[in-house]
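The structure under discussion appears below in the form of structure tokens.
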Protein chains: 4
Amino acid sequence: MNKYKLAKWKIKIHEIIYEADTPAGKLFDVILLITILTSVLLVMLESVESINDKYYDFLNISEWIITILFSIEYITRILTVKKPLNYIFSFYGIVDLLSTIPKYISLIFGGIHALAALRALRLLRVFRILKLARYLGASNNLMSALKSSRAKISVFLYAVIIISIIIGTVMYLIEGEENGFTNIPKSIYWCIVTLTTVGFGDITPQTPLGQFIASFVMILGYGIIAVPTGIVSAEYSFQNKANKNKNTENLPETTSNAVQLNSLCCINCLAVGHLDDAKFCHKCGNKLHYG
Amino acid sequence: MNKYKLAKWKIKIHEIIYEADTPAGKLFDVILLITILTSVLLVMLESVESINDKYYDFLNISEWIITILFSIEYITRILTVKKPLNYIFSFYGIVDLLSTIPKYISLIFGGIHALAALRALRLLRVFRILKLARYLGASNNLMSALKSSRAKISVFLYAVIIISIIIGTVMYLIEGEENGFTNIPKSIYWCIVTLTTVGFGDITPQTPLGQFIASFVMILGYGIIAVPTGIVSAEYSFQNKANKNKNTENLPETTSNAVQLNSLCCINCLAVGHLDDAKFCHKCGNKLHYG
Amino acid sequence: MNKYKLAKWKIKIHEIIYEADTPAGKLFDVILLITILTSVLLVMLESVESINDKYYDFLNISEWIITILFSIEYITRILTVKKPLNYIFSFYGIVDLLSTIPKYISLIFGGIHALAALRALRLLRVFRILKLARYLGASNNLMSALKSSRAKISVFLYAVIIISIIIGTVMYLIEGEENGFTNIPKSIYWCIVTLTTVGFGDITPQTPLGQFIASFVMILGYGIIAVPTGIVSAEYSFQNKANKNKNTENLPETTSNAVQLNSLCCINCLAVGHLDDAKFCHKCGNKLHYG
Amino acid sequence: MNKYKLAKWKIKIHEIIYEADTPAGKLFDVILLITILTSVLLVMLESVESINDKYYDFLNISEWIITILFSIEYITRILTVKKPLNYIFSFYGIVDLLSTIPKYISLIFGGIHALAALRALRLLRVFRILKLARYLGASNNLMSALKSSRAKISVFLYAVIIISIIIGTVMYLIEGEENGFTNIPKSIYWCIVTLTTVGFGDITPQTPLGQFIASFVMILGYGIIAVPTGIVSAEYSFQNKANKNKNTENLPETTSNAVQLNSLCCINCLAVGHLDDAKFCHKCGNKLHYG
């Protein structure tokens, strides 16, 4: 007997909420997607004072409905997985908890309703529901390009930060507090604003020397942007070519680059991304259940 | 007898206003182009108060002349096509209508003259008149590069929006109403302003933590821009090479990449972009009329 | 007898001021370069009120010296070329004149001293003096890449302008005069500021709908920048490869890509860029004079 | 006897503070790294008035400790190298001195505590401590790409500066002092702010003509950015391909691209970057000491 044996109904529900191949699973995903988007919309509307004043009751009730729905989902998710702790301490498990409890907390302590905004974190799940993996399959090249340029890009980022600290400090000495560069951290903030060509304009150099150095920083920032772009561009180009050369016939990209993955989710360890004809979980070896 | 038979004069006029191969057709296009640019210029001038006050009569009369010209064109277009509804509900048909009626509406209701600005939509037709297709033929590679990177770019855009919503919400919690982040939608707007390196500066973080997160968002935005650039760059490079390898002799690009298209426009379904020696419409099979 | 015969001393001086191969020619170029930079510096200093008040006499005298030097140069250039009109109406001839006369005009009419700023145009000559051709030789690939992507980039620019006009008009309708979008040209200006990710922040949308459209414009602008970058990047990459493949041995780029040009300048038609061993001008057939 | 003979203990200490292959050397580097980051953090905190007021004593004492540590390091570095002047006048020697003395100076003259900010320069040493060479080895391609595009990028920068001066001057003439363009240097500053798409918004054009030229500058800047990006991207792509073709098996990049360098530092001339099995310094021929 398989030691990972679970009640039949749990397997059924696990299939619905963790996977998406069956009609019920797809329906569940669509409903979850709508619920999440609605909940985010509610949080947004609630933060607009005029709307909140007018529709307070409607918003409050909707919030409670959403919260209860999320609570049910959270509990079901815990129940239908063999090792609940795996889910609870997984990334999505924590996100689900954080986006569910604020309303309960507000009930006890009141007023900390700002926490409701935490529900926006749920948006992260949208990535999974929309099975962006499929699209990411289409952009497998992109992923491996980004991965293979990671080392270079972190050296680049590191250099940007060092430059910002040094120039920020110099600007603090030159401009001083009377021109808005009240302390070094703020000067560094200004330098990042300038180097990245954002340019808010809340702090601007006033002395001629300060403006000269600012000009230098701007041209530097304008030029530096060529570096990450060049790296990603070249790496991606290389990945792309390697892949396209492999497929002499010009198959649609999605099928040519991506191996076929199914939407099964291991009932034991919650691993996803199994090969289409996999029989066992590639992480824990548990048998996969096909609907 | 061909069932799509039309009166001789209608075919003649159709040729003039829908096509551009005959001298009369070219003349019509030039006049239409000038009329459209004039009409857009008029709308602009009218919106400048000092000019509107001074030259009100001149502007008003010019507007009426343009409106009448557009009306005549619109009616003629309807008359000289076999299935008028095809034109009326086509994209350009709706644009033509929207850019013609505002003046009539202002006659009835008065005062809603701001609607005249709708006439700017006519500028879209300029793309067709200038036969930018020719240039786009030159940039066929560009088009197919953009097309084949569509999936990746939409994942990218999707990620940008999710990031903006999450960080926008976080900034609302941190900065709060007293620092200009009055509600979550506005915070998200700020986040997009920052992430895209636009940086208006109408809302800026004031707290040290807010400025720290803003710095992070800016560097993120500065780096993220490398992704679409890299994608387009690599895809276009690939298309380009494929094409240029095909033509070992370095013919001028326009002729080497583009198939020869004529400027005929099917009198039945308004389809354009027929091959140079096509005898029948490739959409509806109707016989094409050569001048 | 050659009909383009010129007095011996004129040929000598022509060699000095138009060419750079002889020691005298090189010296002349260095002096000219210094004079131009000094003159631009003087114009800048003069525009700073505090400096102008303090050193008025010094600046005025220096200006006169520079003006006289430029006048002498201008007259000599006219005298030592066979067809003076060729020089006078050439691009550099006009620049030289415009940068010389402001001081004389100020003598007659007084007060129009702002015109002195025209002297900044002389900076254009610096391109020639520094023989940037040599560096541009190094970037021959760059030039041909930019040339072959001209058509595509102009379609791109055209699209940017059309988009700006349409969105600018829409924003004028939405935001209206009370939010700073006082007229359509100003709205278009705002749209260009936003689309190019400059973001001055002198005009910003205040209504929620306006901010939503602004967000859309920003993301659009953030994405659009990928297009010219991709084009230039791919074209340049293609040019580069073609060139580098040609030279299997990795010679320094300057010598490998550029044909050898000398610095001779035809005494008749002022054409430059002759091949190193050319005996006759490639434009007018006049005999070239070697020092 | 080797004339570069040094006392045994000096060689030992030299090994620890200049090199990083032995456990002691690694420990020293970690401590130095922490000290530098702490010292930079202290300078930042000190510049925040509220923090400085509250924790003045703590900060002051910490500063003195750091300063003394740095002094000891500086003196030891001088003692354990054969030709101390080589170190003293090397780049890092000057940085080390500048970042050590401010506290002593403040003792004598008092009040010039702002100089403490010079300590941020020490951050440059972090590049060396973190042995970024290893990562730079990973981005050898990047370095050679940047090197081979140096000439082109400097022509590009030169063009940007010339354009800024000319357009800055023109804007000064058009907008004038009443609209914030108080003098030509400030106008040039504005032009760089605009061309690099930073867009602070502290100075903005107010006249219609000024806004028109500004629009032109912005579109120019938006387009120009394609040039350095294209150059770096193409050069890097070329370097990358050359390298990857060399290694048909896909070894991890770091090992495939970089030659193996050790962390030895010549005791005579302080040269670093020796080959892994080098016996003599490649700069001065002095024998290298292995731990």
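Identifiers in the structure tokens: chain A, B, ... in order shown; residue index from 1 per chain; ligand index from 1 in order shown.
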Would you give me, as a tab-separated table, each residue of chain A having an atom within 8 Å of an atom of chain C, along with its shortest atom pair and that distance in Å to one decimal, using only C-alpha atoms and sorting by chain and residue number?
```
residue	atom	partner	partner_atom	distance
A:Thr197	CA	C:Val198	CA	7.9
A:Val198	CA	C:Val198	CA	7.6
A:Gly199	CA	C:Gly199	CA	7.7
A:Phe200	CA	C:Phe200	CA	7.8
A:Gly201	CA	C:Phe200	CA	7.8
```
Close residues, region 153-170 of chain B itself excluded, 10 Å, only C-alpha atoms, min 5 positions apart in chain, as a ChimeraX atom specification
/A:40,43-44,47,114-124,126-127,132,135-136,138-139 /B:146-148,175-176,181,183-196,210,213-214,217,221,224-225,227-229,231-232 /C:219-220,223
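The interatomic distance for the pair CA of Phe70 (chain B) and CA of Tyr172 (chain C) works out to 23.4 Å.
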Å distance separating CA of Tyr222 (chain B) from CA of Ser39 (chain D), one decimal place:
28.8 Å
Please extract the residues of region 50-239 of chain A with a backbone DSSP assignment of alpha helix (DSSP H) and present them as JSON, numbers by chain.
{"A": [50, 51, 52, 53, 54, 56, 57, 58, 59, 60, 61, 62, 63, 64, 65, 66, 67, 68, 69, 70, 71, 72, 73, 74, 75, 76, 77, 78, 79, 84, 85, 86, 87, 88, 91, 92, 93, 94, 95, 96, 97, 98, 102, 103, 104, 105, 106, 107, 108, 109, 123, 124, 125, 126, 127, 128, 129, 132, 133, 134, 135, 136, 137, 138, 140, 141, 142, 143, 144, 145, 146, 147, 148, 150, 151, 152, 153, 154, 155, 156, 157, 158, 159, 160, 161, 162, 163, 164, 165, 166, 167, 168, 169, 170, 171, 172, 173, 174, 175, 184, 185, 186, 187, 188, 189, 190, 191, 192, 193, 194, 195, 208, 209, 210, 211, 212, 213, 214, 215, 216, 217, 218, 219, 220, 221, 222, 223, 224, 226, 227, 228, 229, 230, 231, 232, 233, 234, 235, 236, 237, 238, 239]}
